[in-house]
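Below is upload.txt, holding compact mmCIF, C-alpha atoms.
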# COMPACT_ATOMS: atom_id res chain seq x y z
CA MET Z 28 4.04 154.46 -143.31
CA SER Z 29 7.27 155.99 -142.02
CA ASP Z 30 9.28 159.02 -143.08
CA ILE Z 31 12.33 158.87 -145.34
CA ARG Z 32 15.12 161.26 -146.27
CA ARG Z 33 15.00 162.65 -149.80
CA ILE Z 34 17.16 165.12 -151.75
CA VAL Z 35 15.26 167.99 -153.39
CA VAL Z 36 16.71 170.66 -155.67
CA THR Z 37 14.57 173.58 -154.55
CA GLY Z 38 16.24 176.43 -156.45
CA LEU Z 39 19.28 177.44 -158.46
CA ASP Z 40 22.35 176.02 -156.68
CA THR Z 41 20.11 175.00 -153.76
CA ILE Z 42 19.97 171.41 -152.51
CA GLU Z 43 17.91 170.37 -149.51
CA LEU Z 44 17.75 167.11 -147.57
CA ARG Z 45 14.12 166.75 -146.58
CA THR Z 46 12.25 164.24 -144.49
CA GLU Z 47 9.04 163.24 -146.25
CA PRO Z 48 6.40 160.52 -145.84
CA GLN Z 49 6.86 157.27 -147.74
CA VAL Z 50 5.14 157.15 -151.11
CA GLU Z 51 2.25 154.70 -151.27
CA LEU Z 52 2.73 151.71 -153.56
CA ALA Z 53 0.49 151.26 -156.62
CA ALA Z 54 -0.43 147.76 -157.82
CA ASN Z 55 2.20 147.75 -160.60
CA GLU Z 56 4.98 149.38 -158.58
CA VAL Z 57 7.96 148.29 -156.51
CA ARG Z 58 9.53 149.84 -153.44
CA ALA Z 59 13.32 149.58 -153.23
CA ARG Z 60 16.01 150.66 -150.80
CA SER Z 61 18.47 152.93 -152.62
CA VAL Z 62 21.98 151.53 -152.91
CA THR Z 63 23.68 153.89 -155.38
CA ALA Z 64 22.61 157.10 -157.07
CA GLY Z 65 25.01 158.58 -159.60
CA VAL Z 66 25.36 162.33 -160.03
CA CYS Z 67 24.87 162.88 -163.76
CA GLY Z 68 25.85 165.87 -165.85
CA SER Z 69 22.12 166.42 -166.31
CA ASP Z 70 21.78 166.75 -162.53
CA THR Z 71 24.50 169.37 -162.22
CA HIS Z 72 23.29 171.28 -165.29
CA ALA Z 73 19.76 171.37 -163.87
CA LEU Z 74 21.06 172.54 -160.49
CA TYR Z 75 22.68 175.56 -162.14
CA GLY Z 76 19.74 176.24 -164.50
CA ARG Z 77 21.50 175.00 -167.64
CA HIS Z 78 19.31 171.98 -168.48
CA PRO Z 79 16.59 172.82 -171.04
CA LEU Z 80 14.23 170.02 -170.01
CA ILE Z 81 14.42 169.79 -166.19
CA PRO Z 82 12.49 172.48 -164.33
CA ILE Z 83 13.27 173.41 -160.73
CA PRO Z 84 12.21 172.26 -158.17
CA TYR Z 85 12.85 168.58 -158.84
CA TYR Z 86 13.76 165.30 -157.16
CA PRO Z 87 17.10 164.15 -158.60
CA GLY Z 88 18.45 160.64 -159.00
CA HIS Z 89 17.92 158.71 -162.23
CA GLU Z 90 21.20 156.72 -162.24
CA VAL Z 91 19.89 154.47 -159.51
CA THR Z 92 20.28 150.94 -158.17
CA GLY Z 93 18.50 149.41 -155.21
CA VAL Z 94 17.22 146.34 -153.42
CA VAL Z 95 13.51 145.47 -153.65
CA THR Z 96 11.77 145.68 -150.27
CA GLU Z 97 8.10 145.53 -151.32
CA ILE Z 98 6.13 144.67 -154.46
CA GLY Z 99 2.66 145.67 -155.58
CA PRO Z 100 -0.03 142.97 -155.94
CA ASP Z 101 0.18 142.98 -159.76
CA VAL Z 102 3.98 142.51 -159.88
CA THR Z 103 5.13 139.01 -160.86
CA SER Z 104 8.50 139.73 -162.49
CA LEU Z 105 10.37 140.69 -159.31
CA ALA Z 106 10.74 139.48 -155.73
CA VAL Z 107 11.74 141.06 -152.45
CA GLY Z 108 15.53 140.96 -152.19
CA ASN Z 109 16.21 141.40 -155.92
CA ARG Z 110 19.01 143.85 -156.73
CA VAL Z 111 17.76 146.16 -159.47
CA ALA Z 112 18.86 148.96 -161.78
CA VAL Z 113 16.29 151.58 -162.76
CA GLU Z 114 15.59 152.36 -166.41
CA PRO Z 115 14.26 155.84 -165.66
CA THR Z 116 12.23 156.47 -168.80
CA LEU Z 117 8.52 156.10 -168.01
CA PRO Z 118 6.75 155.54 -171.34
CA CYS Z 119 2.98 155.44 -171.77
CA TRP Z 120 3.11 152.32 -174.01
CA ASP Z 121 0.09 153.63 -176.00
CA CYS Z 122 1.45 156.30 -178.35
CA LYS Z 123 2.79 155.80 -181.88
CA GLN Z 124 6.46 155.76 -180.81
CA CYS Z 125 5.83 153.24 -178.04
CA ARG Z 126 3.99 150.98 -180.47
CA LEU Z 127 7.00 151.20 -182.81
CA GLY Z 128 9.34 150.01 -180.04
CA GLN Z 129 10.86 153.47 -179.58
CA GLU Z 130 9.65 154.04 -176.05
CA ASN Z 131 12.53 156.44 -175.38
CA LEU Z 132 10.71 158.78 -177.80
CA CYS Z 133 7.32 158.32 -176.13
CA GLU Z 134 5.02 161.23 -176.89
CA ASN Z 135 3.92 161.31 -173.23
CA LEU Z 136 7.27 160.46 -171.67
CA GLN Z 137 7.97 161.05 -168.00
CA PHE Z 138 11.42 160.58 -166.53
CA PHE Z 139 12.18 159.22 -163.08
CA GLY Z 140 14.63 161.52 -161.31
CA CYS Z 141 14.28 164.28 -163.91
CA GLY Z 142 11.12 166.30 -163.34
CA TYR Z 143 9.15 163.29 -162.06
CA LEU Z 144 7.43 163.33 -158.66
CA GLN Z 145 10.39 161.53 -157.11
CA GLY Z 146 13.93 160.34 -157.75
CA GLY Z 147 16.44 157.89 -156.36
CA MET Z 148 18.55 160.22 -154.22
CA ALA Z 149 16.64 159.10 -151.15
CA ASP Z 150 16.57 156.33 -148.59
CA GLU Z 151 14.16 154.49 -150.88
CA PHE Z 152 12.23 154.95 -154.11
CA VAL Z 153 9.05 153.70 -155.74
CA VAL Z 154 8.85 153.02 -159.46
CA ARG Z 155 6.92 150.88 -161.94
CA ALA Z 156 8.12 147.29 -162.02
CA ASP Z 157 8.49 147.38 -165.82
CA ARG Z 158 11.30 149.95 -165.43
CA LEU Z 159 13.57 147.69 -163.38
CA HIS Z 160 16.33 145.33 -164.51
CA VAL Z 161 17.60 142.61 -162.21
CA ILE Z 162 21.34 142.98 -161.58
CA PRO Z 163 23.22 139.71 -162.19
CA ASP Z 164 25.00 138.23 -159.20
CA ASN Z 165 28.42 138.61 -160.85
CA ILE Z 166 28.07 142.41 -160.96
CA ASP Z 167 28.82 144.17 -157.67
CA ASP Z 168 27.04 147.29 -156.46
CA LEU Z 169 29.65 149.80 -157.67
CA THR Z 170 29.79 148.21 -161.12
CA ALA Z 171 25.98 148.11 -161.28
CA SER Z 172 25.94 151.88 -160.73
CA LEU Z 173 27.31 152.23 -164.27
CA VAL Z 174 24.45 150.44 -166.04
CA GLU Z 175 22.38 153.57 -166.67
CA PRO Z 176 25.18 155.93 -167.75
CA LEU Z 177 26.71 153.25 -169.97
CA SER Z 178 23.37 152.61 -171.68
CA THR Z 179 23.37 156.10 -173.22
CA PRO Z 180 26.60 155.55 -175.26
CA VAL Z 181 25.47 151.99 -176.03
CA HIS Z 182 22.31 153.44 -177.57
CA ALA Z 183 24.31 156.06 -179.50
CA GLY Z 184 26.67 153.42 -180.85
CA ARG Z 185 23.82 151.12 -181.85
CA ILE Z 186 21.78 153.68 -183.81
CA THR Z 187 24.87 155.03 -185.62
CA GLY Z 188 26.56 151.66 -186.07
CA PRO Z 189 27.80 149.15 -186.74
CA LEU Z 190 31.04 150.74 -185.54
CA LYS Z 191 33.35 147.88 -186.49
CA ASP Z 192 36.43 149.23 -188.29
CA LYS Z 193 34.96 152.77 -188.41
CA THR Z 194 37.10 155.82 -187.68
CA VAL Z 195 35.59 157.61 -184.68
CA VAL Z 196 35.91 160.98 -183.00
CA VAL Z 197 34.55 161.56 -179.50
CA MET Z 198 34.14 165.19 -178.48
CA GLY Z 199 34.54 165.46 -174.72
CA CYS Z 200 36.46 163.30 -172.23
CA GLY Z 201 33.93 163.47 -169.41
CA THR Z 202 32.02 160.47 -168.09
CA ILE Z 203 29.83 159.98 -171.16
CA GLY Z 204 32.73 160.59 -173.53
CA LEU Z 205 34.86 157.99 -171.76
CA LEU Z 206 31.96 155.51 -171.79
CA MET Z 207 31.46 156.28 -175.50
CA LEU Z 208 35.13 155.38 -175.97
CA ALA Z 209 34.52 152.09 -174.14
CA VAL Z 210 31.57 151.30 -176.39
CA ALA Z 211 33.55 152.10 -179.56
CA ARG Z 212 36.38 149.84 -178.42
CA TYR Z 213 33.94 147.07 -177.44
CA GLU Z 214 32.34 147.30 -180.89
CA ALA Z 215 35.80 147.01 -182.55
CA ALA Z 216 35.91 150.48 -184.04
CA GLY Z 217 39.06 151.42 -185.94
CA ARG Z 218 41.05 154.49 -184.89
CA ILE Z 219 39.48 156.58 -182.08
CA VAL Z 220 40.48 160.18 -181.39
CA MET Z 221 39.08 162.22 -178.49
CA THR Z 222 39.05 165.95 -177.78
CA ASP Z 223 38.81 168.00 -174.58
CA PRO Z 224 40.20 171.34 -173.38
CA LEU Z 225 41.58 169.86 -170.13
CA VAL Z 226 44.93 168.08 -170.13
CA ALA Z 227 43.96 165.88 -167.17
CA LYS Z 228 40.87 164.60 -168.95
CA ARG Z 229 42.80 163.96 -172.17
CA ASP Z 230 45.33 161.95 -170.16
CA ILE Z 231 42.50 159.83 -168.70
CA ALA Z 232 41.18 159.18 -172.22
CA LEU Z 233 44.60 157.92 -173.30
CA ARG Z 234 44.73 155.60 -170.30
CA HIS Z 235 41.28 154.30 -171.24
CA GLY Z 236 42.41 153.38 -174.74
CA ALA Z 237 41.99 156.37 -177.03
CA ASP Z 238 44.44 156.21 -179.92
CA ALA Z 239 45.08 159.94 -179.73
CA VAL Z 240 43.77 163.05 -177.97
CA VAL Z 241 43.58 166.67 -179.10
CA ASP Z 242 43.04 169.95 -177.25
CA SER Z 243 39.54 171.02 -178.31
CA SER Z 244 40.39 174.67 -177.61
CA ALA Z 245 43.23 174.68 -180.17
CA ALA Z 246 42.69 177.00 -183.12
CA ASP Z 247 43.58 174.18 -185.53
CA VAL Z 248 41.66 171.44 -183.69
CA ILE Z 249 40.08 170.14 -186.92
CA ASP Z 250 43.45 169.79 -188.66
CA GLN Z 251 44.96 168.11 -185.59
CA VAL Z 252 42.14 165.59 -185.30
CA ARG Z 253 42.25 164.77 -189.01
CA ALA Z 254 46.00 164.22 -188.77
CA ALA Z 255 45.54 161.97 -185.71
CA LEU Z 256 42.82 160.00 -187.49
CA VAL Z 257 44.86 159.85 -190.72
CA GLU Z 258 41.53 160.45 -192.48
CA SER Z 259 38.10 161.95 -191.87
CA ALA Z 260 35.72 160.48 -189.30
CA ASP Z 261 33.01 157.99 -190.18
CA VAL Z 262 31.20 158.93 -186.95
CA ALA Z 263 31.74 161.91 -184.66
CA PHE Z 264 30.10 161.55 -181.25
CA ASP Z 265 29.55 164.96 -179.67
CA CYS Z 266 29.27 164.39 -175.92
CA VAL Z 267 29.49 168.13 -175.17
CA ALA Z 268 26.96 169.60 -177.62
CA ILE Z 269 27.99 173.25 -177.66
CA GLN Z 270 28.54 175.49 -180.68
CA PRO Z 271 32.29 174.84 -181.19
CA THR Z 272 32.10 171.05 -180.75
CA ILE Z 273 29.12 170.55 -183.05
CA VAL Z 274 30.68 172.69 -185.78
CA ALA Z 275 33.99 170.86 -185.42
CA ALA Z 276 32.25 167.48 -185.52
CA ILE Z 277 30.48 168.40 -188.77
CA HIS Z 278 33.73 169.49 -190.40
CA LEU Z 279 35.49 166.35 -189.18
CA ALA Z 280 32.89 163.93 -190.53
CA THR Z 281 33.63 162.21 -193.80
CA LYS Z 282 31.38 162.78 -196.79
CA GLY Z 283 28.29 160.74 -196.03
CA GLY Z 284 29.37 160.49 -192.38
CA THR Z 285 27.40 160.89 -189.17
CA VAL Z 286 27.48 163.42 -186.37
CA ALA Z 287 25.78 161.98 -183.29
CA ILE Z 288 24.64 164.47 -180.66
CA VAL Z 289 24.98 162.51 -177.42
CA GLY Z 290 25.39 165.31 -174.87
CA VAL Z 291 22.38 167.38 -173.86
CA PRO Z 292 22.71 170.89 -175.37
CA SER Z 293 22.10 173.74 -172.95
CA ALA Z 294 20.91 175.88 -175.86
CA ASP Z 295 20.37 175.70 -179.61
CA VAL Z 296 23.36 176.22 -181.91
CA LEU Z 297 23.89 177.35 -185.50
CA LEU Z 298 24.90 174.66 -187.97
CA PRO Z 299 27.23 175.03 -190.99
CA THR Z 300 24.45 173.91 -193.31
CA ILE Z 301 26.53 174.26 -196.48
CA ALA Z 302 28.90 171.57 -195.22
CA VAL Z 303 25.99 169.44 -193.98
CA GLN Z 304 24.25 169.58 -197.36
CA ASP Z 305 27.24 169.37 -199.66
CA ASN Z 306 28.90 166.52 -197.75
CA GLN Z 307 25.61 164.72 -197.09
CA ILE Z 308 26.27 164.66 -193.35
CA ARG Z 309 23.70 162.91 -191.19
CA ILE Z 310 22.93 164.70 -187.91
CA GLN Z 311 21.74 162.01 -185.50
CA GLY Z 312 20.11 162.86 -182.20
CA CYS Z 313 20.67 160.25 -179.47
CA ALA Z 314 17.92 160.22 -176.86
CA THR Z 315 18.63 158.07 -173.79
CA TYR Z 316 18.09 154.33 -174.42
CA VAL Z 317 15.70 151.42 -174.66
CA SER Z 318 15.73 148.10 -172.81
CA GLU Z 319 18.01 146.36 -175.32
CA ASP Z 320 20.65 148.99 -174.60
CA TYR Z 321 20.42 148.14 -170.90
CA THR Z 322 20.91 144.48 -171.79
CA GLU Z 323 24.07 145.25 -173.79
CA ALA Z 324 25.38 147.58 -171.07
CA ILE Z 325 25.01 144.79 -168.52
CA GLU Z 326 26.81 142.40 -170.90
CA MET Z 327 29.68 144.90 -171.27
CA LEU Z 328 29.98 145.20 -167.50
CA GLN Z 329 29.98 141.43 -167.11
CA ALA Z 330 32.72 141.20 -169.74
CA GLY Z 331 34.86 143.74 -167.88
CA ALA Z 332 34.80 146.23 -170.77
CA VAL Z 333 33.96 148.93 -168.21
CA THR Z 334 34.98 148.69 -164.56
CA ALA Z 335 33.98 150.58 -161.45
CA GLN Z 336 37.65 150.86 -160.52
CA ASP Z 337 38.22 153.00 -163.62
CA PHE Z 338 35.06 155.10 -163.40
CA VAL Z 339 33.80 155.50 -159.82
CA THR Z 340 36.14 158.07 -158.34
CA ALA Z 341 34.15 159.53 -155.41
CA GLN Z 342 31.35 158.46 -153.05
CA PHE Z 343 29.29 160.51 -150.61
CA PRO Z 344 26.53 159.77 -148.10
CA LEU Z 345 23.06 161.21 -148.69
CA SER Z 346 23.71 163.91 -146.11
CA GLN Z 347 26.55 165.27 -148.28
CA ALA Z 348 24.64 165.65 -151.52
CA LYS Z 349 25.81 169.25 -151.92
CA GLU Z 350 29.42 168.10 -151.74
CA ALA Z 351 28.67 165.30 -154.22
CA PHE Z 352 27.20 167.73 -156.76
CA ALA Z 353 30.17 170.06 -156.29
CA ALA Z 354 32.60 167.19 -156.85
CA ALA Z 355 30.74 166.12 -159.99
CA SER Z 356 30.93 169.70 -161.30
CA SER Z 357 34.62 170.15 -160.50
CA GLY Z 358 36.05 168.41 -163.55
CA HIS Z 359 38.33 166.34 -161.30
CA GLU Z 360 36.09 163.26 -160.97
CA ILE Z 361 34.69 160.76 -163.45
CA LYS Z 362 31.65 159.24 -161.74
CA VAL Z 363 30.44 160.51 -158.38
CA LEU Z 364 28.01 158.35 -156.38
CA ILE Z 365 25.68 159.12 -153.53
CA ARG Z 366 25.29 156.09 -151.25
CA PRO Z 367 22.10 156.40 -149.16
Please rewrite the model in this file as structure tokens.
Amino acid sequence: MSDIRRIVVTGLDTIELRTEPQVELAANEVRARSVTAGVCGSDTHALYGRHPLIPIPYYPGHEVTGVVTEIGPDVTSLAVGNRVAVEPTLPCWDCKQCRLGQENLCENLQFFGCGYLQGGMADEFVVRADRLHVIPDNIDDLTASLVEPLSTPVHAGRITGPLKDKTVVVMGCGTIGLLMLAVARYEAAGRIVMTDPLVAKRDIALRHGADAVVDSSAADVIDQVRAALVESADVAFDCVAIQPTIVAAIHLATKGGTVAIVGVPSADVLLPTIAVQDNQIRIQGCATYVSEDYTEAIEMLQAGAVTAQDFVTAQFPLSQAKEAFAAASSGHEIKVLIRP
């Protein structure tokens, strides 16, 4: 066994590059050389103590792709040399939710790269073989880096859909918001309006196909969005999940409409329950993804509905993880990758 380099978040705003021994391989596990590791909003929120579910210290890196270098004796689904994308949820497969096919809601869920004993921001990683998806040959490495982040909006669109011909609002023009826009367009939604306080991000949303954008900090944001939609929203996807955006989403939703909470809230918020009750609004939590969402995300990437050219805006070596996290937090990038 040899040593490898691994990123560890050891404290608030503290990132270390450590050299640690290789992890031993269990019978059902695979060892892979890391190729890409995306810096997610969850990673940056956890670094600054704003993620409610990721304790520090932790090993980051759940948006990960790699190349298989070793397989355990019980693994028959993969071979050395396979290019793979990690589905980082680690379900138990025994609880009620797993038996219902909702393994993302596993009652004993662990999460690779988020509080688990290791993550993918390292020279290599070890994970259960059942959490890996083979990357098709017609998807390059940069495009494959988008499989995991795209799967979250795919899941949100699927459980609130079908989106065909629906009027849609997306709160937030960050990475997940822009990918949510791509999913809504791919699913043939009707008019799509997006909100964000930053002009630069709103401009990016327009270039990516939003029908209209609105400044989310405007005092009359609800009236502006309704005017841009020409009606109320069938589905409002909140990819920010803070008090103002959730309240606005509820007031924008049509009677009988849906507010989907896609972003991870940093804290609980107060809901306008009179509007929720009287308008029969459905509040839908959207928790990660399941394997069928990965399959659709890969199909979208193969179809060119989402491209690395549009989304991957910065890349850093493993030794510059601090700079990568800073870039991802700056608001000037879409998707930042670490390339071990």
Write out, as JSON lines, each residue of range 58-144 of chain Z that has an atom at most 12 Å from range 324-327 of chain Z, together with the closest pair of atoms and their distance in Å to one decimal, counting all atoms listed in the file, rows going by chain and rising number.
{"residue": "Z:Val111", "atom": "CA", "partner": "Z:Ile325", "partner_atom": "CA", "distance": 11.7}
{"residue": "Z:Ala112", "atom": "CA", "partner": "Z:Ile325", "partner_atom": "CA", "distance": 10.0}
{"residue": "Z:Glu114", "atom": "CA", "partner": "Z:Ala324", "partner_atom": "CA", "distance": 11.8}
Okay, now the selection with C-alpha atoms, as an mmCIF file, in the coordinates of the input?
data_model
loop_
_atom_site.group_PDB
_atom_site.id
_atom_site.type_symbol
_atom_site.label_atom_id
_atom_site.label_comp_id
_atom_site.auth_asym_id
_atom_site.auth_seq_id
_atom_site.Cartn_x
_atom_site.Cartn_y
_atom_site.Cartn_z
ATOM 1 C CA VAL Z 111 17.760 146.160 -159.470
ATOM 2 C CA ALA Z 112 18.860 148.960 -161.780
ATOM 3 C CA GLU Z 114 15.590 152.360 -166.410
#
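Taking only C-alpha atoms into account, Pro115 in chain Z lies nearest to Z:Thr315 out of the set Z:Ser243, Z:Ala330, Z:Thr315, Z:Val161.
Nearest-residue note for Val154 in chain Z: choosing from Z:Leu52, Z:Ala183, Z:Ile219, Z:Ala239, the minimum distance belongs to Z:Leu52, counting only C-alpha atoms.
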Name all residues at most 10 Å from Leu205 in chain Z (count all atoms listed in the file; drop same-chain ones fewer than 3 positions away) and give them as number ranges by chain. Z: 177, 180, 197-202, 208-211, 221, 228-229, 231-233, 235-237, 266, 333, 338, 361
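Checking Z:Ala149, Z:Ile203, Z:Val303, Z:Ile249 one by one against Arg45 in chain Z, counting only C-alpha atoms, you find the shortest gap at Z:Ala149.
By chain and then residue number, the residues within 7 Å of Val91 in chain Z are Z:Thr63, Z:Ala64, Z:Gly65, Z:Gly88, Z:His89, Z:Gly93, Z:Ala112, Z:Val113, Z:Gly147, Z:Ser172, counting all atoms listed in the file and disregarding those fewer than 2 positions away in sequence.
Closest to Val226 in chain Z among Z:Asp242, Z:Asp164, Z:Asp192, Z:Glu350 is Z:Asp242, based on only C-alpha atoms.
In this comparison, which uses all atoms listed in the file, the residue of Z:Val196, Z:Leu44, Z:Val317, Z:Val286 approaching Val248 in chain Z most closely is Z:Val196.
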